[in-house]
Structures are given as C-alpha cells and as structure tokens.
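Below is one structure, written out as structure tokens, with a few remarks after it.
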There are 2 protein chains.
Amino acid sequence: MILAVDIGGTKLAAGLVDPADGRIAARAATPTPRTTDAEGVFAALVGLLDELGPDRVAAEACGIGTGGPMTAAGETVTPVHIPAWREFPLRRRMAEATGLPVFVDNDAKAVALAEGWVGAAAGVNAYIGMVVSTGIGGGIVLDGRLLDGRAGNAGHIGHVVVEPGGRVCFCGGRGCLEGEASGRAIEAVTGRPAAEAGPEVVTRTGTLVGRAVASVANLLDLGLAVVAGSVALGFGAPFFAAAQAELDALARLDFSRGARIRPAALGGDAPLVGAAGVALHRLGRLPCCR
Amino acid sequence: MILAVDIGGTKLAAGLVDPADGRIAARAATPTPRTTDAEGVFAALVGLLDELGPDRVAAEACGIGTGGPMTAAGETVTPVHIPAWREFPLRRRMAEATGLPVFVDNDAKAVALAEGWVGAAAGVNAYIGMVVSTGIGGGIVLDGRLLDGRAGNAGHIGHVVVEPGGRVCFCGGRGCLEGEASGRAIEAVTGRPAAEAGPEVVTRTGTLVGRAVASVANLLDLGLAVVAGSVALGFGAPFFAAAQAELDALARLDFSRGARIRPAALGGDAPLVGAAGVALHRLGRLPCCR
C-alpha cells in the first residue's frame with residue numbers, strides 16, 4: 001500500500017492506495033485547522049494517519065499532493081490557502097513522522113497523474129490534467145513524462161494569458177486564466193459563488209478554458225485536456241461544450257486539430273489516487289509515465 | 001564530424017560540424033529550387049554535399065533541421081515553404097544517399113538545441129528557443145530534455161493565442177502569435193516588408209512576443225527565452241525592450257518572476273549547428289540535453 005496525503009486549504013485527507021490498481025482501501029479527512037500555528041496543522045495531519053486502521057503499517061512509501069508554491073522536489077511548501085505554512089519542511093517532517101520515504105508534489109500535478117494512471121487519460125502519453133476550482137492549476141505529461149520545470153511548478157495553466165489587458169490576476173499579472181475563470185475570480189466579478197453562476201458566466205468560463213488549452217495544445221503538440229475541479233464539474237455540459245468549441249476554433253494546426261477536452265473521471269478520488277501516484281512516479285513504478 | 005543540413009524555403013545549406021565544440025568546419029548553400037518536382041529539390045540537396053570537401057567522408061552521422069510540419073521522428077516532411085515536398089520521405093532518402101544514420105527534426109527545435117549547446121542558453125536546463133522570422137517557431141528544453149510532443153512539433157509558440165479575436169492566422173485560428181507578429185503577418189498588415197517596419201510595429205511585435213513567452217514561462221516554470229530570426233534580430237534593441245517589459249508585467253508568479261528574453265548568440269550559424277545538434281541529441285551525445 002501507498003500512504004497518500006492530500007493537503008488542501010479546506011481539508012486534509014489521507015488514504016491507503018493499492019499500487020496495483022489505484023484503489024483507495026482506507027481514507028480519513030479533517031478540516032484544515034484555521035490557525036497561524038504551523039505545528040497545529042501538522043499535528044492534525046499526523047492525527048489523521050491513526051484513523052487509517054491497521055493496514056497503515058503495511059505502507060511502503062508516502063506520496064503527498066499539496067497546494068503550491070513549493071521549492072524543488074517539494075522540500076518546502078508554502079500553500080496559498082494555508083497561511084500557517086510558510087516554507088514548511090513538509091517532506092522531511094512526514095518522513096520523520098512515518099519512517100517512510102516521502103515524495104511531495106503539486107496537487108494539480110497529482111490529479112494529472114491520477115487521471116493518466118486510472119482515469120480519463122489512461123493510455124495517453126501527451127495530455128494536460130487541469131483543476132478548475134477556487135484556483136486553476138494543472139500538470140502536463142508529454143513524451144510519456146511528467147513535466148516538472150525548474151522548481152516543480154510546470155503545468156500552471158492558470159497563468160496562461162487569455163484576456164490581454166483583462167483583470168489584474170491574483171499573481172499580479174493581467175488577463176491570466178485564473179484571474180478570469182477561477183471560482184475566486186467568478187465570485188469577485190459576480191459577487192456570488194461560482195455554484196450560483198448564470199449561463200453567460202458558465203459559457204465564458206468554458207470559452208476561456210478552451211482558449212488556454214488551445215494555446216497549450218498548439219505549443220506542446222498534445223491532444224487531450226482532462227478537466228477536474230468543482231467549478232468545471234459543477235458547471236457540467238454547457239461548460240465543456242463552450243470549452244470544446246473554442247478549442248476547435250483555435251487548435252487548427254495539422255497536429256493540434258481534433259484536440260479534446262474531457263471531464264476528469266476520478267472525481268473526488270483524484271487527489272488521493274494522485275498523491276499515491278506522486279510516490280509511485282518518483283519510484284519509477286507508475287506505468288503511465290516516467 | 002557531423003554532416004549538418006538545413007532545409008529552408010529560401011535556401012538549402014549543408015555543413016560539417018565538429019561534435020566537440022559545435023564549430024562549422026565546412027559549409028555550402030544553394031537557393032531552394034522553385035519547382036514542383038520533389039526529386040529536383042532532393043538532387044539540389046545531394047549536389048551540395050559534394051561541395052563540402054574531402055572531410056565529408058569522415059562524417060559519422062547526419063542531422064537535418066527542416067521547416068515543418070513533419071510526422072513523428074521526421075520520417076516524412078511537408079515543409080510549408082517547399083510545395084514540391086508533400087510527405088517527402090527525407091530521412092530514408094538521405095540515409096540512402098549518404099550511407100549515414102540520419103536524424104530529422106524541426107528547424108526551430110534545431111535552433112533551440114544550438115543555443116543550448118554553444119549559444120545563449122548554454123548551461124540552462126529549462127528554456128525556449130524561438131525563431132521570429134517569416135513564420136514563428138520554437139523548441140523547448142525542460143528538465144534538461146528537448147520536448148517532442150506527439151509528432152515532434154512541441155515548441156510551436158507561434159500558435160499561442162496573444163490577441164483573442166485578432167487576425168485570422170495562417171493556421172486558420174485567430175490571434176495566434178504568428179498571425180500577429182511574424183514577418184508574413186507584418187507584411188500583410190503594413191503592406192511593407194518587416195525590415196521597413198516603423199517603431200510602433202517594432203514595439204507591438206516585441207510586446208506580443210513577450211506576452212507569448214510570459215504564458216510559456218508561467219505554464220512551464222522556465223526562465224529564459226532565446227530569440228533568433230531575421231525579424232527579431234533585425235528589429236534589435238527596441239524589440240527586445242518591449243518584449244522584456246511585457247514579460248516582466250505578466251510573469252509574476254514566485255517561480256516565473258525574473259524570466260528573461262535574450263537575443264540568440266549564434267546568428268546565421270544556428271541552423272547548421274542545430275542540425276548537427278539534432279543528430280547528437282538523438283545519439284545521446286549532446287551534453288546540454290537528453
């Protein structure tokens with residue numbers, strides 16, 4: 001079994017995942033403590049592990065998906081939505097707490113791995129996995145490899161420019177996908193949660209996601225975007241239709257024509273399956289990608 | 001020595017390149033025949049090889065950079081600017097003509113390899129090399145590897161969307177970098193060659209290139225774009241200043257802030273040095289990237 005951990009701004013989750021098929025054999029979750037005490041958050045996480053039952057002792061490695069940014073190989077993490085952790089040495093602390101080899105990566109890259117392993121991108125060696133939620137992130141598999149970039153942040157599709165001169169983004173740029181189409185942006189513009197958005201907002205959000213995916217498909221010669229996240233999956237079919245229409249209009253090269261946007265297959269399981277994928281990937285044991 | 005070949009719409013060039021340091025020991029070039037006869041173009045290419053002198057027999061492999069698109073591993077090529085070659089089996093034909101192992105890749109990827117090997121990206125393991133010329137292409141090295149994509153076309157930054165709803169691009173999309181900022185686009189808009197463009201066009205072209213690079217830097221966690229090509233290098237300092245200003249404004253994430261745009265270092269030598277790089281890369285002998 002692989003001990004899988006998902007560090008989110010809303011909840012902390014842990015599970016035991018079968019490395020043979022990605023099945024989640026046990027799981028536990030707790031709200032992320034609202035505190036400025038780094039140790040308080042870590043204690044809540046360690047407390048979760050005891051809820052996983054006796055199979056926990058059979059875990060051979062631990063994989064963690066976490067909100068970024070992080071330094072190379074996830075040695076320290078500074079999750080945007082967990083103010084208590086600024087450059088928190090998550091990998092080392094979990095290794096000390098569990099006695100296991102621990103591997104940390106960005107949560108959106110973990111979701112991309114999950115979908116490539118046992119989800120909507122299974123068998124595909126060039127795709128982007130995206131999360132369109134409060135923020136917008138992603139992970140890219142190209143040439144059968146998960147892309148890392150200098151500090152492990154490759155896949156950050158949320159900051160591809162889709163509306164030049166548009167809204168100031170949370171990053172300080174302008175017209176980024178995340179600044180225009182994330183749950184947080186939708187709430188800032190409409191004054192209501194994304195779940196209450198009207199059809200025009202749903203269509204526009206889909207269009208902007210499709211535009212960013214077109215840029216990525218043209219840039220990287222990849223043909224599939226798998227989209228997870230509460231905003232995208234909550235919006236459903238009209239969102240995906242608008243995204244596909246924009247992608248069809250803008251991915252017109254011989255090699256990018258026919259690129260597809262598909263909903264993620266794993267739903268709420270993706271973060272834990274992906275966290276296990278992070279460990280298996282670094283151990284060279286994930287069949288879908290090196 | 002490596003036999004290096006550059007297939008362009010204007011000229012065909014060949015050279016002998018030292019695999020130790022990228023030095024060009026001999027070179028020859030001829031205008032690309034204006035013909036619809038595929039064999040006529042190939043005969044002109046083979047004729048060039050005889051002009052390289054006696055060292056040619058010492059060549060151990062042949063690398064080719066060519067305009068795209070191509071099928072996987074360059075098995076067949078359909079260069080946009082050479083109408084005589086539609087799915088021309090360039091790799092096999094050159095192997096038969098020379099008796100050497102032959103490796104084919106996109107010319108912009110070749111330029112990216114050249115700049116990483118002995119140019120402005122030497123020692124950098126995450127960068128994009130770009131050519132801003134009649135068209136706009138590129139090649140990406142990430143995690144120390146040259147990205148290929150499904151059919152070898154990764155790096156095509158010319159079709160990142162920079163002006164949504166903008167001009168119809170040559171690819172059929174809208175607002176692509178190539179449709180707004182290439183030499184061909186500039187000529188279509190202004191009615192004059194790019195070399196005669198006024199300062200407003202120079203600044204706008206730089207801004208759009210900077211915008212596309214910002215999307216790539218944010219997406220892939222890379223910090224350097226090396227820009228070659230007659231349009232960019234002809235425009236010079238005002239172009240690079242405008243590009244850097246836009247990049248500074250839009251690459252604002254912890255990991256992308258400080259990303260740089262630099263002129264290519266190899267100038268007119270880049271295509272042949274890069275063609276040799278294509279062969280060395282596929283042979284696993286290019287120190288800069290796997």
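Ordering of the structure tokens sets the chain letters (A, B, ...), residue numbers begin anew at 1 in every chain, and ligands are numbered from 1 in the order given.
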### Task
Select residues of chain B: the criterion is any atom within 9 Å of an atom of chain A, counting only C-alpha atoms; output as a PyMOL selection string.
chain B and resi 69+125-126+138+140+142-143+147-164+171-176+211-212+214-223+248-255
### Task
Could you give me, as a list of chain:residue names, the residues within 9 Å of stretch 75-81 of chain B, counting only C-alpha atoms and dropping anything in the same chain fewer than 2 positions from it?
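These residues fall inside the cut-off: B:Ile7, B:Gly8, B:Gly9, B:Thr10, B:Thr66, B:Gly67, B:Gly68, B:Pro69, B:Met70, B:Thr71, B:Ala72, B:Ala73, B:Pro83, B:Ala84, B:Trp85, B:Arg86, B:Glu87, B:Phe88, B:Pro89, B:Leu90, B:Arg91, B:Arg92, B:Phe103, B:Val104.
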### Query
When you draw a straight line from atom CA of B:Ala29 to atom CA of B:Pro54, how long is it in Å?
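Taking atom CA of B:Ala29 as the start and atom CA of B:Pro54 as the end point, the length is 16.8 Å.
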For A:Ala26, list every protein, DNA or RNA residue within 9 Å, evaluated using only C-alpha atoms, and leave out those in the same chain fewer than 2 positions away; present the list as a PDB file with N, CA, C and O atoms, in the first residue's frame.
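Contents of selection-v6.pdb, as written:
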```pdb
ATOM      1  N   ALA A  14      -6.149  11.749   4.032  1.00  0.00           N
ATOM      2  CA  ALA A  14      -5.126  10.706   3.938  1.00  0.00           C
ATOM      3  C   ALA A  14      -5.808   9.415   3.519  1.00  0.00           C
ATOM      4  O   ALA A  14      -7.013   9.231   3.735  1.00  0.00           O
ATOM      5  N   GLY A  15      -5.057   8.538   2.889  1.00  0.00           N
ATOM      6  CA  GLY A  15      -5.630   7.279   2.459  1.00  0.00           C
ATOM      7  C   GLY A  15      -4.561   6.237   2.248  1.00  0.00           C
ATOM      8  O   GLY A  15      -3.364   6.537   2.261  1.00  0.00           O
ATOM      9  N   LEU A  16      -4.999   4.994   2.071  1.00  0.00           N
ATOM     10  CA  LEU A  16      -4.104   3.915   1.666  1.00  0.00           C
ATOM     11  C   LEU A  16      -4.532   3.499   0.269  1.00  0.00           C
ATOM     12  O   LEU A  16      -5.702   3.151   0.048  1.00  0.00           O
ATOM     13  N   VAL A  17      -3.614   3.537  -0.670  1.00  0.00           N
ATOM     14  CA  VAL A  17      -3.936   3.300  -2.077  1.00  0.00           C
ATOM     15  C   VAL A  17      -3.158   2.083  -2.568  1.00  0.00           C
ATOM     16  O   VAL A  17      -1.948   1.967  -2.344  1.00  0.00           O
ATOM     17  N   ILE A  24      -8.608   2.939  -3.543  1.00  0.00           N
ATOM     18  CA  ILE A  24      -8.422   3.511  -2.210  1.00  0.00           C
ATOM     19  C   ILE A  24      -8.990   2.528  -1.185  1.00  0.00           C
ATOM     20  O   ILE A  24     -10.195   2.282  -1.146  1.00  0.00           O
ATOM     21  N   ALA A  28      -9.372   8.915   5.385  1.00  0.00           N
ATOM     22  CA  ALA A  28      -9.790   9.750   6.508  1.00  0.00           C
ATOM     23  C   ALA A  28      -9.557  11.199   6.116  1.00  0.00           C
ATOM     24  O   ALA A  28      -8.692  11.495   5.295  1.00  0.00           O
ATOM     25  N   GLU A  51      -6.200   7.147  11.921  1.00  0.00           N
ATOM     26  CA  GLU A  51      -7.576   6.731  11.571  1.00  0.00           C
ATOM     27  C   GLU A  51      -7.609   5.760  10.397  1.00  0.00           C
ATOM     28  O   GLU A  51      -8.677   5.300  10.004  1.00  0.00           O
ATOM     29  N   LEU A  52      -6.441   5.466   9.830  1.00  0.00           N
ATOM     30  CA  LEU A  52      -6.434   4.643   8.615  1.00  0.00           C
ATOM     31  C   LEU A  52      -6.470   3.151   8.908  1.00  0.00           C
ATOM     32  O   LEU A  52      -6.551   2.330   7.999  1.00  0.00           O
ATOM     33  N   GLY A  53      -6.404   2.792  10.192  1.00  0.00           N
ATOM     34  CA  GLY A  53      -6.538   1.384  10.542  1.00  0.00           C
ATOM     35  C   GLY A  53      -5.230   0.627  10.472  1.00  0.00           C
ATOM     36  O   GLY A  53      -4.181   1.185  10.156  1.00  0.00           O
ATOM     37  N   ASP A  55      -3.900  -1.518   8.448  1.00  0.00           N
ATOM     38  CA  ASP A  55      -3.125  -1.678   7.209  1.00  0.00           C
ATOM     39  C   ASP A  55      -2.062  -0.603   7.045  1.00  0.00           C
ATOM     40  O   ASP A  55      -1.175  -0.732   6.200  1.00  0.00           O
ATOM     41  N   ARG A  56      -2.178   0.443   7.832  1.00  0.00           N
ATOM     42  CA  ARG A  56      -1.238   1.544   7.660  1.00  0.00           C
ATOM     43  C   ARG A  56       0.204   1.078   7.823  1.00  0.00           C
ATOM     44  O   ARG A  56       1.110   1.598   7.172  1.00  0.00           O
TER      45      ARG A  56
END
```
Please extract the residues of stretch 107-173 of chain A with a backbone DSSP assignment of strand (DSSP E) and present them as a compact mmCIF listing (two decimals) with N, CA, C and O atoms, in the first residue's frame.
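This is the output file states-v1.txt:
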```
# COMPACT_ATOMS: atom_id res chain seq x y z
N TYR A 127 -0.77 14.77 -22.57
CA TYR A 127 -2.02 15.41 -22.15
C TYR A 127 -1.73 16.42 -21.04
O TYR A 127 -0.66 16.41 -20.43
N ILE A 128 -2.72 17.29 -20.80
CA ILE A 128 -2.69 18.13 -19.62
C ILE A 128 -3.86 17.75 -18.73
O ILE A 128 -4.97 17.53 -19.22
N GLY A 129 -3.61 17.60 -17.45
CA GLY A 129 -4.66 17.42 -16.46
C GLY A 129 -4.83 18.75 -15.74
O GLY A 129 -3.84 19.37 -15.35
N MET A 130 -6.07 19.21 -15.62
CA MET A 130 -6.32 20.54 -15.04
C MET A 130 -7.29 20.44 -13.89
O MET A 130 -8.16 19.57 -13.86
N VAL A 131 -7.20 21.38 -12.96
CA VAL A 131 -8.18 21.55 -11.90
C VAL A 131 -8.72 22.97 -12.00
O VAL A 131 -7.96 23.93 -11.88
N VAL A 132 -10.01 23.09 -12.30
CA VAL A 132 -10.66 24.41 -12.35
C VAL A 132 -11.57 24.49 -11.13
O VAL A 132 -12.67 23.93 -11.12
N ILE A 136 -6.88 27.72 -10.42
CA ILE A 136 -6.76 26.86 -11.60
C ILE A 136 -5.31 26.39 -11.71
O ILE A 136 -4.39 27.21 -11.77
N GLY A 137 -5.14 25.07 -11.68
CA GLY A 137 -3.79 24.51 -11.80
C GLY A 137 -3.78 23.39 -12.81
O GLY A 137 -4.79 23.07 -13.43
N GLY A 138 -2.63 22.78 -12.96
CA GLY A 138 -2.55 21.68 -13.91
C GLY A 138 -1.23 20.95 -13.83
O GLY A 138 -0.30 21.35 -13.11
N GLY A 139 -1.19 19.85 -14.53
CA GLY A 139 0.04 19.08 -14.67
C GLY A 139 0.07 18.54 -16.09
O GLY A 139 -0.98 18.25 -16.67
N ILE A 140 1.26 18.43 -16.66
CA ILE A 140 1.40 18.03 -18.05
C ILE A 140 2.23 16.77 -18.17
O ILE A 140 3.32 16.68 -17.57
N VAL A 141 1.72 15.81 -18.90
CA VAL A 141 2.52 14.64 -19.29
C VAL A 141 2.81 14.77 -20.77
O VAL A 141 1.89 14.93 -21.58
N LEU A 142 4.09 14.78 -21.13
CA LEU A 142 4.49 14.91 -22.53
C LEU A 142 5.60 13.91 -22.79
O LEU A 142 6.50 13.73 -21.94
N ARG A 145 6.31 11.61 -20.04
CA ARG A 145 6.95 12.07 -18.81
C ARG A 145 6.15 13.19 -18.17
O ARG A 145 5.65 14.07 -18.86
N LEU A 146 6.09 13.20 -16.85
CA LEU A 146 5.50 14.32 -16.13
C LEU A 146 6.50 15.48 -16.17
O LEU A 146 7.65 15.33 -15.76
```
### Summary
Students should find that atom CA of A:Ile64 and atom CA of A:Ala114 are spaced 12.5 Å
### All helix (DSSP H, G or I) positions in stretch 60-241 of chain A, as a ChimeraX atom specification
/A:72-74,90-98,107-118,157-159,177-181,183-190,194-196,199-220,230-235,237-241
Stretch 115-122 of chain A: which residues within 12 Å, counting only C-alpha atoms, same-chain residues fewer than 4 positions away excluded, as an mmCIF file with C-alpha atoms, in the first residue's frame?
```
data_model
loop_
_atom_site.group_PDB
_atom_site.id
_atom_site.type_symbol
_atom_site.label_atom_id
_atom_site.label_comp_id
_atom_site.auth_asym_id
_atom_site.auth_seq_id
_atom_site.Cartn_x
_atom_site.Cartn_y
_atom_site.Cartn_z
ATOM 1 C CA ASP A 18 -3.251 0.000 -3.800
ATOM 2 C CA PRO A 19 -0.261 0.485 -6.119
ATOM 3 C CA ALA A 20 -1.572 -2.216 -8.450
ATOM 4 C CA ASP A 21 -4.805 -0.512 -9.467
ATOM 5 C CA GLY A 22 -5.183 2.838 -7.705
ATOM 6 C CA ARG A 23 -7.986 1.564 -5.473
ATOM 7 C CA ILE A 24 -8.422 3.511 -2.210
ATOM 8 C CA ALA A 108 -2.737 19.602 -9.671
ATOM 9 C CA LYS A 109 0.178 17.532 -10.959
ATOM 10 C CA ALA A 110 -1.057 14.745 -8.676
ATOM 11 C CA VAL A 111 -4.528 14.938 -10.237
ATOM 12 C CA ALA A 126 0.650 13.528 -24.084
ATOM 13 C CA TYR A 127 -2.018 15.413 -22.149
ATOM 14 C CA ILE A 128 -2.690 18.128 -19.619
ATOM 15 C CA GLY A 129 -4.659 17.425 -16.460
ATOM 16 C CA MET A 130 -6.322 20.538 -15.044
ATOM 17 C CA VAL A 131 -8.177 21.547 -11.902
ATOM 18 C CA GLY A 138 -2.553 21.676 -13.910
ATOM 19 C CA GLY A 139 0.038 19.079 -14.671
ATOM 20 C CA ILE A 140 1.397 18.029 -18.054
ATOM 21 C CA VAL A 141 2.517 14.637 -19.286
ATOM 22 C CA LEU A 142 4.490 14.907 -22.531
ATOM 23 C CA GLY A 144 5.326 9.944 -21.511
ATOM 24 C CA ARG A 145 6.949 12.072 -18.809
ATOM 25 C CA LEU A 146 5.501 14.319 -16.130
ATOM 26 C CA LEU A 222 -0.684 17.401 -27.241
ATOM 27 C CA GLY A 223 -4.247 16.379 -27.954
ATOM 28 C CA LEU A 224 -6.092 15.939 -24.673
ATOM 29 C CA ALA A 225 -7.048 18.086 -21.682
ATOM 30 C CA VAL A 226 -8.708 16.333 -18.749
ATOM 31 C CA VAL A 227 -10.508 18.826 -16.542
ATOM 32 C CA ALA A 228 -11.298 18.286 -12.868
ATOM 33 C CA ARG A 260 -10.268 17.146 -26.974
ATOM 34 C CA ILE A 261 -11.374 18.454 -23.585
ATOM 35 C CA ARG A 262 -12.868 15.785 -21.335
ATOM 36 C CA PRO A 263 -14.193 15.792 -17.774
ATOM 37 C CA ALA A 264 -11.967 14.040 -15.274
ATOM 38 C CA ALA A 265 -13.062 10.507 -14.462
ATOM 39 C CA LEU A 266 -11.986 10.108 -10.853
ATOM 40 C CA GLY A 267 -13.958 12.935 -9.235
ATOM 41 C CA GLY A 268 -13.301 13.265 -5.530
ATOM 42 C CA ASP A 269 -10.911 10.310 -5.518
ATOM 43 C CA ALA A 270 -8.377 12.024 -7.787
ATOM 44 C CA PRO A 271 -6.384 13.867 -5.092
ATOM 45 C CA LEU A 272 -5.630 10.730 -3.030
ATOM 46 C CA VAL A 273 -5.079 8.470 -6.037
ATOM 47 C CA GLY A 274 -2.822 11.162 -7.437
ATOM 48 C CA ALA A 275 -0.901 11.555 -4.187
ATOM 49 C CA ALA A 276 -0.117 7.845 -4.339
ATOM 50 C CA GLY A 277 0.803 8.419 -7.988
ATOM 51 C CA VAL A 278 3.325 11.050 -6.906
ATOM 52 C CA LEU A 280 4.952 5.714 -7.477
ATOM 53 C CA HIS A 281 6.075 8.123 -10.200
ATOM 54 C CA ARG A 285 6.713 2.453 -10.772
ATOM 55 C CA LEU A 286 3.883 4.365 -12.416
ATOM 56 C CA PRO A 287 3.222 2.607 -15.716
ATOM 57 C CA CYS A 288 1.681 5.679 -17.376
ATOM 58 C CA CYS A 289 4.627 7.977 -17.108
ATOM 59 C CA ARG A 290 8.254 8.188 -16.292
#
```
